[in-house]
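S.K.: File follows, run-v2.cif with mmCIF, C-alpha atoms:
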data_entry
loop_
_atom_site.label_atom_id
_atom_site.label_comp_id
_atom_site.auth_asym_id
_atom_site.auth_seq_id
_atom_site.Cartn_x
_atom_site.Cartn_y
_atom_site.Cartn_z
CA MET C 1 43.29 21.68 30.27
CA PHE C 2 39.48 21.55 30.09
CA ARG C 3 39.50 22.79 26.50
CA GLY C 4 41.98 20.07 25.46
CA LEU C 5 39.90 17.37 27.18
CA PHE C 6 36.71 18.69 25.56
CA THR C 7 38.33 18.70 22.11
CA ALA C 8 39.61 15.13 22.59
CA ALA C 9 36.17 13.92 23.71
CA LEU C 10 34.46 15.66 20.80
CA THR C 11 36.94 14.13 18.35
CA LEU C 12 36.39 10.66 19.82
CA ILE C 13 32.57 11.01 19.63
CA THR C 14 32.78 12.22 16.04
CA ALA C 15 35.05 9.32 15.06
CA LEU C 16 32.71 6.80 16.70
CA LEU C 17 29.70 8.32 14.96
CA ILE C 18 31.39 8.20 11.57
CA MET C 19 32.44 4.57 12.14
CA SER C 20 28.94 3.53 13.18
CA LEU C 21 27.39 5.11 10.10
CA SER C 22 29.92 3.72 7.65
CA THR C 23 30.00 0.07 8.80
CA PRO C 24 27.07 -2.32 8.95
CA GLN C 25 25.93 -3.21 12.43
CA PHE C 26 26.78 -6.73 13.59
CA ALA C 27 28.55 -7.57 10.33
CA PHE C 28 31.24 -10.11 11.02
CA ALA C 29 33.13 -12.07 8.38
CA HIS C 30 31.93 -15.43 9.72
CA GLU C 31 28.26 -14.35 9.74
CA VAL C 32 27.15 -14.18 6.12
CA SER C 33 23.43 -14.48 5.57
CA THR C 34 22.26 -16.39 2.51
CA LYS C 35 18.63 -16.31 3.55
CA THR C 36 16.31 -15.02 0.86
CA THR C 37 12.90 -13.73 1.82
CA VAL C 38 10.03 -13.70 -0.60
CA ALA C 39 7.20 -11.29 0.01
CA GLU C 40 3.81 -12.87 0.33
CA PRO C 41 1.38 -11.81 -2.35
CA THR C 42 -0.96 -9.14 -1.10
CA GLU C 43 -4.24 -7.87 -2.35
CA VAL C 44 -6.42 -4.86 -1.81
CA SER C 45 -9.44 -5.04 0.46
CA GLU C 46 -13.08 -4.88 -0.56
CA ASP C 47 -13.29 -1.42 0.98
CA TYR C 48 -10.29 -0.25 -1.06
CA ALA C 49 -11.93 -1.56 -4.25
CA LEU C 50 -15.14 0.34 -3.44
CA LEU C 51 -13.23 3.54 -2.66
CA ALA C 52 -11.21 3.24 -5.90
CA ALA C 53 -14.41 2.90 -7.93
CA LEU C 54 -16.06 5.80 -6.10
CA GLU C 55 -13.04 8.04 -6.62
CA HIS C 56 -12.92 7.16 -10.31
CA ALA C 57 -16.61 8.05 -10.67
CA GLY C 58 -16.17 11.25 -8.66
CA PHE C 59 -18.15 10.27 -5.57
CA VAL C 60 -17.63 9.54 -1.86
CA LYS C 61 -19.29 6.97 0.41
CA ASP C 62 -21.82 9.53 1.67
CA ASP C 63 -23.20 9.82 -1.89
CA LEU C 64 -24.18 6.13 -2.05
CA LEU C 65 -27.73 4.86 -2.07
CA TYR C 66 -26.55 1.26 -2.43
CA SER C 67 -23.26 -0.63 -2.79
CA SER C 68 -22.12 -4.22 -3.22
CA VAL C 69 -18.64 -5.72 -3.51
CA GLU C 70 -18.10 -9.38 -4.39
CA LYS C 71 -14.89 -11.25 -5.07
CA ASP C 72 -14.82 -13.35 -8.25
CA THR C 73 -12.36 -14.88 -10.72
CA GLU C 74 -12.35 -13.70 -14.33
CA ASP C 75 -10.03 -15.51 -16.77
CA GLY C 76 -7.86 -16.74 -13.89
CA VAL C 77 -7.56 -13.26 -12.33
CA GLU C 78 -9.15 -12.50 -8.96
CA VAL C 79 -11.31 -9.40 -9.20
CA TYR C 80 -13.77 -7.44 -7.13
CA GLU C 81 -17.09 -6.79 -8.80
CA VAL C 82 -18.18 -3.45 -7.40
CA GLU C 83 -21.72 -2.15 -7.90
CA PHE C 84 -23.11 1.05 -6.47
CA GLN C 85 -25.90 3.51 -7.03
CA VAL C 86 -25.81 7.29 -6.78
CA GLY C 87 -29.08 9.05 -7.56
CA HIS C 88 -30.78 7.21 -10.43
CA GLN C 89 -27.46 6.02 -11.90
CA GLU C 90 -25.98 2.56 -11.25
CA TYR C 91 -22.23 1.94 -11.67
CA ASN C 92 -20.48 -1.41 -12.22
CA TYR C 93 -16.72 -1.78 -11.81
CA GLU C 94 -14.33 -4.69 -12.12
CA ILE C 95 -11.23 -4.12 -9.97
CA GLU C 96 -8.17 -6.38 -9.94
CA ALA C 97 -7.81 -7.77 -6.41
CA ALA C 98 -4.01 -8.00 -6.53
CA THR C 99 -3.35 -4.39 -7.56
CA GLY C 100 -6.52 -2.34 -7.16
CA ASN C 101 -6.40 -1.41 -10.85
CA ILE C 102 -9.71 -0.74 -12.56
CA LEU C 103 -10.11 -3.33 -15.30
CA SER C 104 -13.49 -2.18 -16.60
CA TYR C 105 -16.52 -0.11 -15.71
CA GLU C 106 -19.94 0.71 -17.05
CA LEU C 107 -22.96 2.83 -16.20
CA ASP C 108 -26.51 1.52 -16.19
CA ASN C 109 -29.68 3.61 -16.15
#
Please express what this file holds, its structure, as structure tokens.
M.R.:
Amino acid sequence: MFRGLFTAALTLITALLIMSLSTPQFAFAHEVSTKTTVAEPTEVSEDYALLAALEHAGFVKDDLLYSSVEKDTEDGVEVYEVEFQVGHQEYNYEIEAATGNILSYELDN
């Protein structure tokens, strides 16, 4: 008797689990959502821009003698102008604020 009851309970639990995984939760025919969400534009932080430039140049924050990050607009695109110095070498990077992509860089002596 116990074995039959155990098998029936296990079968019921399995069936409920399969049903819960195969049907959307709280989906009723009269509740259809037409709401569309649009993600807000995001941008990388000043710190991210500095770290991206440092990584590209092969350095870490501890290597810095000086650093500066300023937000600017170039040809309608928001960018971070990143400057830093390691040793006697100065680095200048332009990083797109929306994506973190490096747009340009140069080394000054």
S.K.: Using all atoms listed in the file, which residues sit within 10 Å of Glu81 (chain C) once same-chain residues fewer than 4 positions away are excluded, as an mmCIF file with C-alpha atoms, keeping the file's coordinate frame?
M.R.:
data_model
loop_
_atom_site.group_PDB
_atom_site.id
_atom_site.type_symbol
_atom_site.label_atom_id
_atom_site.label_comp_id
_atom_site.auth_asym_id
_atom_site.auth_seq_id
_atom_site.Cartn_x
_atom_site.Cartn_y
_atom_site.Cartn_z
ATOM 1 C CA GLU C 46 -13.080 -4.880 -0.560
ATOM 2 C CA ALA C 49 -11.930 -1.560 -4.250
ATOM 3 C CA LEU C 50 -15.140 0.340 -3.440
ATOM 4 C CA SER C 68 -22.120 -4.220 -3.220
ATOM 5 C CA VAL C 69 -18.640 -5.720 -3.510
ATOM 6 C CA GLU C 70 -18.100 -9.380 -4.390
ATOM 7 C CA LYS C 71 -14.890 -11.250 -5.070
ATOM 8 C CA ASP C 72 -14.820 -13.350 -8.250
ATOM 9 C CA THR C 73 -12.360 -14.880 -10.720
ATOM 10 C CA ASN C 92 -20.480 -1.410 -12.220
ATOM 11 C CA TYR C 93 -16.720 -1.780 -11.810
ATOM 12 C CA GLU C 94 -14.330 -4.690 -12.120
ATOM 13 C CA ILE C 95 -11.230 -4.120 -9.970
ATOM 14 C CA GLU C 96 -8.170 -6.380 -9.940
ATOM 15 C CA ALA C 97 -7.810 -7.770 -6.410
ATOM 16 C CA SER C 104 -13.490 -2.180 -16.600
ATOM 17 C CA TYR C 105 -16.520 -0.110 -15.710
#
S.K.: Taking the file as shown, what set of residues would the PyMOL selection byres ((chain C and resi 90) around 10) give back, as a PyMOL selection string?
M.R.: chain C and resi 65-67+83-89+91-92+106-109
S.K.: I'd like the interatomic distance between CA of Thr99 (chain C) and CA of Thr42 (chain C), to a tenth of an Å.
M.R.: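 Computing it gives 8.4 Å between the two atoms.
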S.K.: To one decimal place, how far is CA of Ile102 (chain C) from CA of Gly76 (chain C) in Å?
M.R.: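 Pair CA of Ile102 (chain C) / CA of Gly76 (chain C) returns 16.2 Å.
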S.K.: Can you tell me how far CA of Ala52 (chain C) sits from CA of Asn101 (chain C), in Å to one decimal?
M.R.: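 Between CA of Ala52 (chain C) and CA of Asn101 (chain C) the gap is 8.3 Å.
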